[in-house]
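Participant: This structure is in structure tokens; I'll ask about it shortly.
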Amino acid sequence: MKDVYLITSGPHVHSTDSIPRVMYSVVLALLPAVAVSILFFGAAALMMYAISIITCIAAEAACQKIMKRPVTVTDGSVLITAILLAMNLPPSAPWWLVVVGSLTAVVLGKQVYGGLGYNPFNPVLVARVVLLISFPVQMTNWVSPAPLFSGIDMVSMATPLGEIKTELLTTGAIDLARYNYFDFTVGFMGGSLGEMSVIALLLGALFLLYRGYITWHIPVTYIGTVFVLTGIFWMYDPTSFANPVFHVLAGGLVLGAFFMATDMVTTPVSPRGMVIFGLGCGILTVVIRLFGGYPEGVAFSILLMNAATPIIDRYTVPRKFGYTRPDEAGGAS
Amino acid sequence: MLSAILTLAGLGFLAALGLAVASRVFYVKMDPRVATIADILPGANCGACGYGGCGAFAQAIVSGEGKIEACSAIDEEGAHAIADIMGIMYTESEKEWAVVLCRHTDGGVANTFDYVGISDCRAANLVGGGPKACPSACIGLGTCAAVCPFGAITMSADGLPIIDPNRCTACGVCVAECPKNVIVLAPVSSAVSVHCSSEDKGAAVKKVCSTGCIGCGACVRVCPFEAMTMENNLAAVNYSKCRVCGLCVSVCPTNAIRDHRDELKVRKIAVIGDDCNGCTLCARACPVDAIAGNPKEQHTVDPARCIGCGICADQCKRGAVSMITVDNTEDEASGPATVVGGGGR
Amino acid sequence: MGHFVLLIISAVLVNNFVLARFLGICPFLGVSKKTETAVGMSMAVVFVMTIAALATWLLQTYILIPFGIQYLQTIVFILVIASLVQLVEMVIQKVSPVLYQALGIYLPLITTNCAVLGVAVLNIQKEHTFWEAIIFAFGASLGFGLALVLFAGIRERLDLADVPKSLRGTAIALITAGLLSLAFMGFAGLVK
Amino acid sequence: MMGARKKQKTYRFQGGVHPPEEKLTAALPTEAMPLPEKIYIPLSQHIGAPAVPVVKEGDRVLTGMVVAEAGGFVSTPVHASISGTVTGIVDYPHPVGRNMPAVVVESDGADKLDEKITPPPDINSLTGEEIREIIKNAGIVGLGGAAFPTHVKLSPPKDKPIDTLIINGAECEPYLTADHRLMLEHPEKVIGGARLLAKALGVTRVLTGVEKNKMDAVQALTGATGSDVAVVPFAVHYPQGAEKQLIKASVDRVVPAGGLPMDVGVVVQNVGTAAAVYDAVTDGMPLISRIVTVTGPGIRTPKNLRVRIGTPLSEVIASCGGLAPDVRKVILGGPMMGNAQFNLQVPVIKGTSGVLLLTESAAEVLQPGPCLRCGNCVRVCPMGLTPLMFARYTELGMFDEAAEFNVADCIECGCCAYECPAHIPLVQYAKYAKAEIQNRKRKAAG
């Protein structure tokens, strides 16, 4: 191609952003929480991550081969799905549960819609909900953290959210005194692999915020809404409703708010839409947690708001520069 | 039992009464023929008729404003069915197909730059008129194939649209969307086209393309029917005069004029019947000396030489020469052409 | 009052007619291609369902039961629903021909929409009072509308997606409807 | 007196990006380029009707002589930029990407100035009307790149009173330094031109906006101005120099969608235009040359050059030491909004602010991926649009839907495509959609 110049439409310079860069940044941001889970659950956790990563990548590559499309497993997006999926499973999950979840996430959640960018629902949450409904026993068999090299055996236990739900149903009141918020924050909270440590999650989230790959709108409104709403109920009746700090720290709220409710593909694009999305997630989570049958509502809430995203987007198209609504015309300087 | 009968009857009566009143109040005139006609129409919504889709066209036909002929995609059976519904006449229009008047792949048209961007001719045309060295050349990004509602266009590996005459309905969508205007509709029966759209001077064309029209005028001179015209250095076929003899094809020095008779299965040859009295008029008129025979004896046509121009048929005072359609596509090399159908001229 | 609120929540979210009871799937798939049409259809269904519930409840209570002819329930209900749908159809055709065109065959099909008959029958089965019946029907139709509009939004976005050829159209719509139904299962247990 | 002026407040406009500035040539004084042997003066160098030639083959022309008259009100004359012989009016490569008619003048090497070019007897007594006439006859157009005839901008309709003139010295495009050098080297011309423009418009409020990465230019201008022309430093934020954004940032007025600056009582002129106006009025000199930044990794010696209009790019490049071996992309203008060229024969025209040469590595070809809906394009769009939507609709050929997302309001600044992690050519989609929507309208109209 000597003497022939390249012609493209402008702009002729580009920021350093690219899809792999975005995706691997998210992977990087997940690593602290991954590390904590491996620390606490040892080889079992490591195994789960390995199975989900291998299955997800293989499933994505296979789908793309079948559809005769370019294989894009190296762009990092499937890696995020794999890691988040493992994080959404209980540490005691058998290998086949991980495999079924991975296949569901990649095939049903993503590839049937044409792959990255086109799926209406968060693939990880689709998988989590499918598993939760299909295999309720395996999906709610929680074990206590058993730190690596500590010699402690994993014993069966309930998640804090599950515990208070049962307690409320059986005794009509709840007692939060046994919970130590320090454990929640650092990583002794029972629950899914990724829910262990709020600090580790926040560390990653701060990195993403700093890099600009997520914005504050969804996580802040989401967690804020949960805090305020649970606060109102707690003030109304502290014996049957847990306090807002408990609700924010317990369960998958932090993981969901920063890493799944911020999934670009399945959430609104405009800041206004994001705020509505966060509000909706918050309200639904509180409703499900406090009044619903499931102790945890994060996954369902985000999925439901994913479904509402096209409608939100439709009504939150940014106002274009210089556009005045007919009823405002004349008022402008 | 009685109460049951009375209840149902009473209810039925009440509902009927309510609906009867409502149908008065909310009466809207609807012509059932619209739906029937819409069902018959091809449903491709190609817009060739000039209306916003088949439904709107059906409405237009019923209102008497739309003509069935405007639909290029409908088959004859459907057209007649609509004509019957409406009680009007349907006159079949000359069948047309879309022809790409560019062969940049054969002509070796180079790229003046590397284009990277939206893979659509209309978008590429906005960037310096597309990368092809010939400003009139097909850009080759396949916009026509993408917009064709009938899947009649495929792109060759090196970027030239190939039109399937069996699928093309001459709806004209590709013609309208091609930014270089290299696609035109041409009658299927006149299967000769000048495959070049450049109005540049011959030297300029030669520089960028080996199969472009250089405006030499050889075709104009050879045409026995004055069907070739030369305007702005570009030859064009006047389809109302063209008799599809293919002489222009043979004289064109750059092979810009091409013959699609076999592809379209419209190749004709002359056959001389028993009525021939050997007057020799045909033999003398034949531009390619394909007719032989002694005077006063029945003449014969050499099918290998006959170009199907039909001059002999015009000359014959006894109507002894008929033009028949032949199919050469099967096996061109061996044996005489198979006769697929008759038809005089 | 709180009772009615729970009834509505139950009908809209927990026992959503489309996504939890799987009633009214035909119009749910048929008219969810465009949001505007979905909104129009939802309004038509809200009207038909509520009025049908009202009429059928009255018929059941004051005619069928007193005369002991409950076995006529299905045919009587269908008669009422069919007449109502006819009426709505005429009104829409008069008021908004565009919507009429867009709804097409699905408008008369509300007649056979099992959701409408379902509401009427459920009202009797659950021994709802008059107001409960109306609130329940209203909630159920709102739930139908919510599911329809959400689904229409998603389908409009799917039009822009690069869905594999073999899955385009109804296939992907059904998969999506399934996933939406899964999401609605989160409301399980909300109302006992 | 200078200290008495209060600090001018600036405002923010929505969106925008901050690409690396790459002002390689900021410290290089402007050099006059040696005269080319032949110049090719396109008849269409401005928005509006092409000029109509008044010379023919064989005519002798002097520098500054009119070779083509304005072809209408929205049009300007073009002048010979060297003295010599007209060798023809031919179709010649043009920066728009196709051949356009151009007057070819072969230099006699003398560069003899037309003796009719003389300063007016008394500059101060000129009326606004007379200034406008001089500007019109001097062939002055917006030198920022859009090349809109300046006299047209100076003739607002009666019902649009103008109260503010903004002189645009933002030069927010990366790489370009032509305006920067002009403000440094000839602040008196910029300020003088601003005063003349203000007089032509009859306004008293005049602002000169400069991005803060050019504080030396701010100082130079401040030194040259009195109390009448305010010099305002702006944040370094692309596209600060776009008209509507500059107006928002400097006087906090919002030009209505689809409207013009005059709708809010403002006229914006580039600093180069102001200097050209100054030359035209004080010396009678028509627009025959301009400063062009020749820059980028693909040129051996980046320079700021004063180039005669009509000089082929190849000669401009030659006078900057020639091309680096692996040049891949040649861009007229800046990297954000400039147009890539494939033919080095194209001439420098009035709107050519720079020649940017990118090498193989700098002109990286980015393959587009699927849209992630990250919303970057929405956040950075200074016009408040939703590029991801109109791009996808355009890709699918759904132009009506693209129009609903206001693609027509796109100013093609390139912020969205700059930030898009999926490397989708959003600006090209916008241009394509606009052209197609226009086409369809035209066809529908018959």
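How things are named: the first chain in the structure tokens is A, the next is B, and so on; residues count from 1 in each chain; ligands count from 1 in the order shown.
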Tell me, counting only C-alpha atoms, for each residue of chain A within 6 Å of chain C, which pair of atoms is nearest and how far apart they are in Å to one decimal, in rows ordered by chain and increasing number, as JSON lines.

Facilitator:
{"residue": "A:Tyr113", "atom": "CA", "partner": "C:Val163", "partner_atom": "CA", "distance": 4.7}
{"residue": "A:Gly114", "atom": "CA", "partner": "C:Val163", "partner_atom": "CA", "distance": 4.3}
{"residue": "A:Tyr118", "atom": "CA", "partner": "C:Ala161", "partner_atom": "CA", "distance": 5.1}
{"residue": "A:Phe291", "atom": "CA", "partner": "C:Leu190", "partner_atom": "CA", "distance": 5.4}
{"residue": "A:Gly292", "atom": "CA", "partner": "C:Leu190", "partner_atom": "CA", "distance": 3.9}
{"residue": "A:Gly293", "atom": "CA", "partner": "C:Gly189", "partner_atom": "CA", "distance": 3.9}
{"residue": "A:Phe300", "atom": "CA", "partner": "C:Gly186", "partner_atom": "CA", "distance": 5.3}
{"residue": "A:Leu303", "atom": "CA", "partner": "C:Ala183", "partner_atom": "CA", "distance": 5.7}
{"residue": "A:Leu304", "atom": "CA", "partner": "C:Ala183", "partner_atom": "CA", "distance": 5.6}
{"residue": "A:Ala308", "atom": "CA", "partner": "C:Leu150", "partner_atom": "CA", "distance": 5.8}
{"residue": "A:Pro310", "atom": "CA", "partner": "C:Gly153", "partner_atom": "CA", "distance": 5.1}
{"residue": "A:Ile311", "atom": "CA", "partner": "C:Gly153", "partner_atom": "CA", "distance": 5.4}

Participant: Convert the current residue selection to file output with N, CA, C and O atoms, as a tab-separated table (two decimals), in the first residue's frame.

Facilitator:
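And here is the file that came out, selection.tsv:
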chain	number	residue	atom	x	y	z
A	113	TYR	N	-28.46	-13.20	22.59
A	113	TYR	CA	-28.83	-11.85	22.18
A	113	TYR	C	-27.81	-11.25	21.21
A	113	TYR	O	-27.94	-10.11	20.81
A	114	GLY	N	-26.80	-12.02	20.88
A	114	GLY	CA	-25.81	-11.52	19.93
A	114	GLY	C	-24.51	-11.15	20.59
A	114	GLY	O	-23.63	-10.58	19.96
A	118	TYR	N	-25.52	-6.40	23.70
A	118	TYR	CA	-26.90	-6.50	23.24
A	118	TYR	C	-27.83	-7.16	24.26
A	118	TYR	O	-29.04	-7.17	24.07
A	291	PHE	N	-40.33	-7.57	52.98
A	291	PHE	CA	-41.68	-8.14	52.91
A	291	PHE	C	-41.78	-9.39	52.05
A	291	PHE	O	-42.78	-10.09	52.09
A	292	GLY	N	-40.74	-9.65	51.25
A	292	GLY	CA	-40.85	-10.75	50.30
A	292	GLY	C	-40.49	-12.09	50.90
A	292	GLY	O	-40.14	-12.21	52.08
A	293	GLY	N	-40.54	-13.11	50.07
A	293	GLY	CA	-40.23	-14.45	50.50
A	293	GLY	C	-38.74	-14.71	50.55
A	293	GLY	O	-38.26	-15.56	51.30
A	300	PHE	N	-32.75	-9.91	42.18
A	300	PHE	CA	-34.06	-9.70	41.56
A	300	PHE	C	-34.27	-8.22	41.22
A	300	PHE	O	-34.77	-7.88	40.15
A	303	LEU	N	-32.30	-7.19	38.18
A	303	LEU	CA	-32.89	-7.78	36.98
A	303	LEU	C	-34.16	-7.03	36.57
A	303	LEU	O	-34.39	-6.74	35.40
A	304	LEU	N	-34.98	-6.74	37.57
A	304	LEU	CA	-36.24	-6.04	37.27
A	304	LEU	C	-35.95	-4.66	36.70
A	304	LEU	O	-36.61	-4.22	35.74
A	308	ALA	N	-36.58	-2.63	33.04
A	308	ALA	CA	-37.17	-1.30	32.89
A	308	ALA	C	-36.23	-0.33	32.19
A	308	ALA	O	-36.63	0.77	31.81
A	310	PRO	N	-34.88	-0.02	29.11
A	310	PRO	CA	-35.26	0.61	27.83
A	310	PRO	C	-36.30	1.71	28.02
A	310	PRO	O	-36.22	2.76	27.38
A	311	ILE	N	-37.27	1.46	28.92
A	311	ILE	CA	-38.30	2.47	29.14
A	311	ILE	C	-37.69	3.70	29.81
A	311	ILE	O	-37.99	4.84	29.44

Participant: Could you please select, counting only C-alpha atoms, the residues of chain C within 12 Å of chain B and state them as an MDAnalysis selection string?

Facilitator: chainID C and resid 55:56 59:60 62:97 100:102 104:105

Participant: Could you list the residues in chain D lying within 6 Å of chain A, using only C-alpha atoms, and format the result as a compact mmCIF listing (two decimals) with C-alpha atoms, in the first residue's frame?

Facilitator:
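Generated output (part-v1.txt):
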# COMPACT_ATOMS: atom_id res chain seq x y z
CA VAL D 254 -27.56 29.54 24.88
CA VAL D 255 -27.99 29.63 21.14
CA PRO D 256 -31.34 27.97 20.44
CA ALA D 257 -31.22 24.60 18.73
CA ARG D 328 -0.06 7.19 6.66
CA LYS D 329 -2.53 10.02 7.01
CA PRO D 335 -7.03 16.01 14.46
CA MET D 336 -10.55 16.32 15.86
CA MET D 337 -12.42 17.93 12.99
CA ALA D 340 -8.04 13.32 5.77
CA PHE D 342 -5.42 11.33 -0.25
CA PRO D 370 -20.14 -3.57 19.81
CA CYS D 371 -21.55 -0.59 21.70
CA LEU D 372 -21.24 -1.15 25.44
CA ARG D 373 -23.79 1.55 26.19
CA CYS D 374 -21.25 3.02 28.55
CA GLY D 375 -22.72 6.46 27.97
CA MET D 383 -24.79 19.42 22.23
CA GLY D 384 -26.58 17.14 24.68
CA LEU D 385 -27.23 14.39 22.12
CA GLY D 414 -15.65 14.45 17.52
CA TYR D 418 -12.78 10.32 20.72
CA GLU D 419 -14.08 8.84 23.94
CA PRO D 421 -14.17 2.65 24.01
CA ALA D 422 -15.74 0.53 21.28
CA GLN D 428 -19.06 9.44 10.52

Participant: Please measure the separation of atom CA of Ala123 of chain B and atom CA of Glu436 of chain D, giving the value in Å to one decimal.

Facilitator: 8.8 Å

Participant: Using only C-alpha atoms, find which residues of chain D lie within 8 Å of chain C and jot them down as a list in words.

Facilitator: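 So the residues of chain D near chain C are Arg392, Tyr393 and Leu396 of chain D.
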
Participant: So that I can check the surroundings of Ala140 of chain C, please list as a PDB file with N, CA and C atoms, in the first residue's frame every protein, DNA and RNA residue that reaches within 10 Å of it, counting only C-alpha atoms and ignoring chain neighbours fewer than 5 positions away.

Facilitator:
ATOM      1  N   LEU C   7     -54.017  -6.421  47.759  1.00  0.00           N
ATOM      2  CA  LEU C   7     -54.674  -7.104  46.644  1.00  0.00           C
ATOM      3  C   LEU C   7     -54.093  -6.609  45.311  1.00  0.00           C
ATOM      4  N   ILE C   8     -53.935  -5.301  45.225  1.00  0.00           N
ATOM      5  CA  ILE C   8     -53.375  -4.736  43.986  1.00  0.00           C
ATOM      6  C   ILE C   8     -51.943  -5.199  43.793  1.00  0.00           C
ATOM      7  N   ILE C   9     -51.126  -5.098  44.869  1.00  0.00           N
ATOM      8  CA  ILE C   9     -49.724  -5.522  44.748  1.00  0.00           C
ATOM      9  C   ILE C   9     -49.657  -6.979  44.323  1.00  0.00           C
ATOM     10  N   SER C  10     -50.506  -7.765  44.929  1.00  0.00           N
ATOM     11  CA  SER C  10     -50.524  -9.179  44.593  1.00  0.00           C
ATOM     12  C   SER C  10     -50.842  -9.376  43.115  1.00  0.00           C
ATOM     13  N   ALA C  11     -51.845  -8.660  42.641  1.00  0.00           N
ATOM     14  CA  ALA C  11     -52.264  -8.865  41.254  1.00  0.00           C
ATOM     15  C   ALA C  11     -51.256  -8.292  40.267  1.00  0.00           C
ATOM     16  N   VAL C  12     -50.624  -7.166  40.639  1.00  0.00           N
ATOM     17  CA  VAL C  12     -49.694  -6.527  39.706  1.00  0.00           C
ATOM     18  C   VAL C  12     -48.361  -7.260  39.692  1.00  0.00           C
ATOM     19  N   LEU C  13     -47.807  -7.506  40.885  1.00  0.00           N
ATOM     20  CA  LEU C  13     -46.435  -8.001  40.937  1.00  0.00           C
ATOM     21  C   LEU C  13     -46.338  -9.496  41.216  1.00  0.00           C
ATOM     22  N   ASN C  15     -48.536 -12.110  41.614  1.00  0.00           N
ATOM     23  CA  ASN C  15     -49.220 -13.048  40.744  1.00  0.00           C
ATOM     24  C   ASN C  15     -49.542 -12.393  39.405  1.00  0.00           C
ATOM     25  N   ASN C  16     -48.521 -11.736  38.875  1.00  0.00           N
ATOM     26  CA  ASN C  16     -48.700 -11.061  37.595  1.00  0.00           C
ATOM     27  C   ASN C  16     -49.327 -12.017  36.589  1.00  0.00           C
ATOM     28  N   PHE C  17     -50.394 -11.553  35.959  1.00  0.00           N
ATOM     29  CA  PHE C  17     -51.147 -12.445  35.081  1.00  0.00           C
ATOM     30  C   PHE C  17     -50.308 -13.045  33.974  1.00  0.00           C
ATOM     31  N   VAL C  18     -49.431 -12.231  33.387  1.00  0.00           N
ATOM     32  CA  VAL C  18     -48.641 -12.745  32.273  1.00  0.00           C
ATOM     33  C   VAL C  18     -47.444 -13.523  32.780  1.00  0.00           C
ATOM     34  N   VAL C  45     -57.110  -3.235  27.610  1.00  0.00           N
ATOM     35  CA  VAL C  45     -57.281  -4.382  28.504  1.00  0.00           C
ATOM     36  C   VAL C  45     -57.750  -3.918  29.882  1.00  0.00           C
ATOM     37  N   VAL C  46     -57.179  -2.809  30.361  1.00  0.00           N
ATOM     38  CA  VAL C  46     -57.616  -2.288  31.665  1.00  0.00           C
ATOM     39  C   VAL C  46     -59.128  -2.057  31.629  1.00  0.00           C
ATOM     40  N   MET C  49     -61.087  -5.542  31.166  1.00  0.00           N
ATOM     41  CA  MET C  49     -60.996  -6.407  32.345  1.00  0.00           C
ATOM     42  C   MET C  49     -61.833  -5.878  33.496  1.00  0.00           C
ATOM     43  N   THR C  50     -61.686  -4.581  33.740  1.00  0.00           N
ATOM     44  CA  THR C  50     -62.390  -4.025  34.897  1.00  0.00           C
ATOM     45  C   THR C  50     -63.894  -4.099  34.699  1.00  0.00           C
ATOM     46  N   ALA C 115     -56.809 -14.109  29.994  1.00  0.00           N
ATOM     47  CA  ALA C 115     -56.615 -13.277  31.173  1.00  0.00           C
ATOM     48  C   ALA C 115     -57.937 -12.664  31.618  1.00  0.00           C
ATOM     49  N   VAL C 116     -58.744 -12.218  30.657  1.00  0.00           N
ATOM     50  CA  VAL C 116     -60.001 -11.562  31.014  1.00  0.00           C
ATOM     51  C   VAL C 116     -60.966 -12.565  31.654  1.00  0.00           C
ATOM     52  N   GLY C 118     -60.043 -15.271  32.925  1.00  0.00           N
ATOM     53  CA  GLY C 118     -59.368 -15.703  34.142  1.00  0.00           C
ATOM     54  C   GLY C 118     -59.729 -14.831  35.321  1.00  0.00           C
ATOM     55  N   VAL C 119     -59.690 -13.533  35.109  1.00  0.00           N
ATOM     56  CA  VAL C 119     -60.028 -12.602  36.184  1.00  0.00           C
ATOM     57  C   VAL C 119     -61.458 -12.861  36.668  1.00  0.00           C
ATOM     58  N   ILE C 134     -63.488  -5.846  41.735  1.00  0.00           N
ATOM     59  CA  ILE C 134     -63.104  -4.763  40.827  1.00  0.00           C
ATOM     60  C   ILE C 134     -61.639  -4.391  41.028  1.00  0.00           C
ATOM     61  N   ILE C 135     -61.225  -4.290  42.284  1.00  0.00           N
ATOM     62  CA  ILE C 135     -59.828  -3.935  42.563  1.00  0.00           C
ATOM     63  C   ILE C 135     -58.899  -5.005  42.002  1.00  0.00           C
ATOM     64  N   GLY C 145     -50.580  -4.739  31.840  1.00  0.00           N
ATOM     65  CA  GLY C 145     -50.040  -3.567  31.152  1.00  0.00           C
ATOM     66  C   GLY C 145     -48.579  -3.353  31.480  1.00  0.00           C
ATOM     67  N   LEU C 146     -48.220  -3.502  32.761  1.00  0.00           N
ATOM     68  CA  LEU C 146     -46.825  -3.310  33.171  1.00  0.00           C
ATOM     69  C   LEU C 146     -45.919  -4.287  32.429  1.00  0.00           C
TER      70      LEU C 146
END

Participant: Please build the interface table for chain B against chain D with a cut-off of 10 Å, listing for each qualifying residue the nearest atom pair and the distance in Å to one decimal; count only C-alpha atoms, order rows by chain and increasing number, and write it as JSON lines.

Facilitator:
{"residue": "B:Thr112", "atom": "CA", "partner": "D:Phe342", "partner_atom": "CA", "distance": 6.9}
{"residue": "B:Phe113", "atom": "CA", "partner": "D:Phe342", "partner_atom": "CA", "distance": 5.9}
{"residue": "B:Asp114", "atom": "CA", "partner": "D:Phe342", "partner_atom": "CA", "distance": 8.8}
{"residue": "B:Val116", "atom": "CA", "partner": "D:Val365", "partner_atom": "CA", "distance": 7.5}
{"residue": "B:Gly117", "atom": "CA", "partner": "D:Pro425", "partner_atom": "CA", "distance": 6.6}
{"residue": "B:Ile118", "atom": "CA", "partner": "D:Pro425", "partner_atom": "CA", "distance": 7.1}
{"residue": "B:Ser119", "atom": "CA", "partner": "D:Glu395", "partner_atom": "CA", "distance": 9.1}
{"residue": "B:Asp120", "atom": "CA", "partner": "D:Glu395", "partner_atom": "CA", "distance": 8.6}
{"residue": "B:Arg122", "atom": "CA", "partner": "D:Tyr432", "partner_atom": "CA", "distance": 7.2}
{"residue": "B:Ala123", "atom": "CA", "partner": "D:Tyr432", "partner_atom": "CA", "distance": 5.1}
{"residue": "B:Ala124", "atom": "CA", "partner": "D:Tyr432", "partner_atom": "CA", "distance": 8.6}
{"residue": "B:Asn125", "atom": "CA", "partner": "D:Tyr432", "partner_atom": "CA", "distance": 9.2}
{"residue": "B:Leu126", "atom": "CA", "partner": "D:Tyr432", "partner_atom": "CA", "distance": 7.2}
{"residue": "B:Val127", "atom": "CA", "partner": "D:Gly97", "partner_atom": "CA", "distance": 7.1}
{"residue": "B:Gly128", "atom": "CA", "partner": "D:Gly97", "partner_atom": "CA", "distance": 3.9}
{"residue": "B:Gly129", "atom": "CA", "partner": "D:Gly97", "partner_atom": "CA", "distance": 6.7}
{"residue": "B:Gly130", "atom": "CA", "partner": "D:Gly97", "partner_atom": "CA", "distance": 9.0}
{"residue": "B:Pro131", "atom": "CA", "partner": "D:Phe342", "partner_atom": "CA", "distance": 9.1}
{"residue": "B:Pro135", "atom": "CA", "partner": "D:Arg98", "partner_atom": "CA", "distance": 8.3}
{"residue": "B:Thr143", "atom": "CA", "partner": "D:Gly397", "partner_atom": "CA", "distance": 9.8}
{"residue": "B:Ala146", "atom": "CA", "partner": "D:Gly397", "partner_atom": "CA", "distance": 9.3}
{"residue": "B:Val147", "atom": "CA", "partner": "D:Gly397", "partner_atom": "CA", "distance": 8.4}
{"residue": "B:Ala176", "atom": "CA", "partner": "D:Lys443", "partner_atom": "CA", "distance": 9.6}
{"residue": "B:Glu177", "atom": "CA", "partner": "D:Glu436", "partner_atom": "CA", "distance": 9.5}

Participant: What gap, in Å, lies between atom CA of Phe22 of chain C and atom CA of Asn113 of chain C?

Facilitator: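 Computing it gives 11.3 Å between the two atoms.
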
Participant: Could you give me, as a list in words, the residues within 8 Å of Gly169 of chain D, counting only C-alpha atoms and dropping anything in the same chain fewer than 6 positions from it?

Facilitator: Asp179, His180, Met183, Thr208, Gly209, Val210, Glu211, Gly241, Asn270 and Val271 of chain D
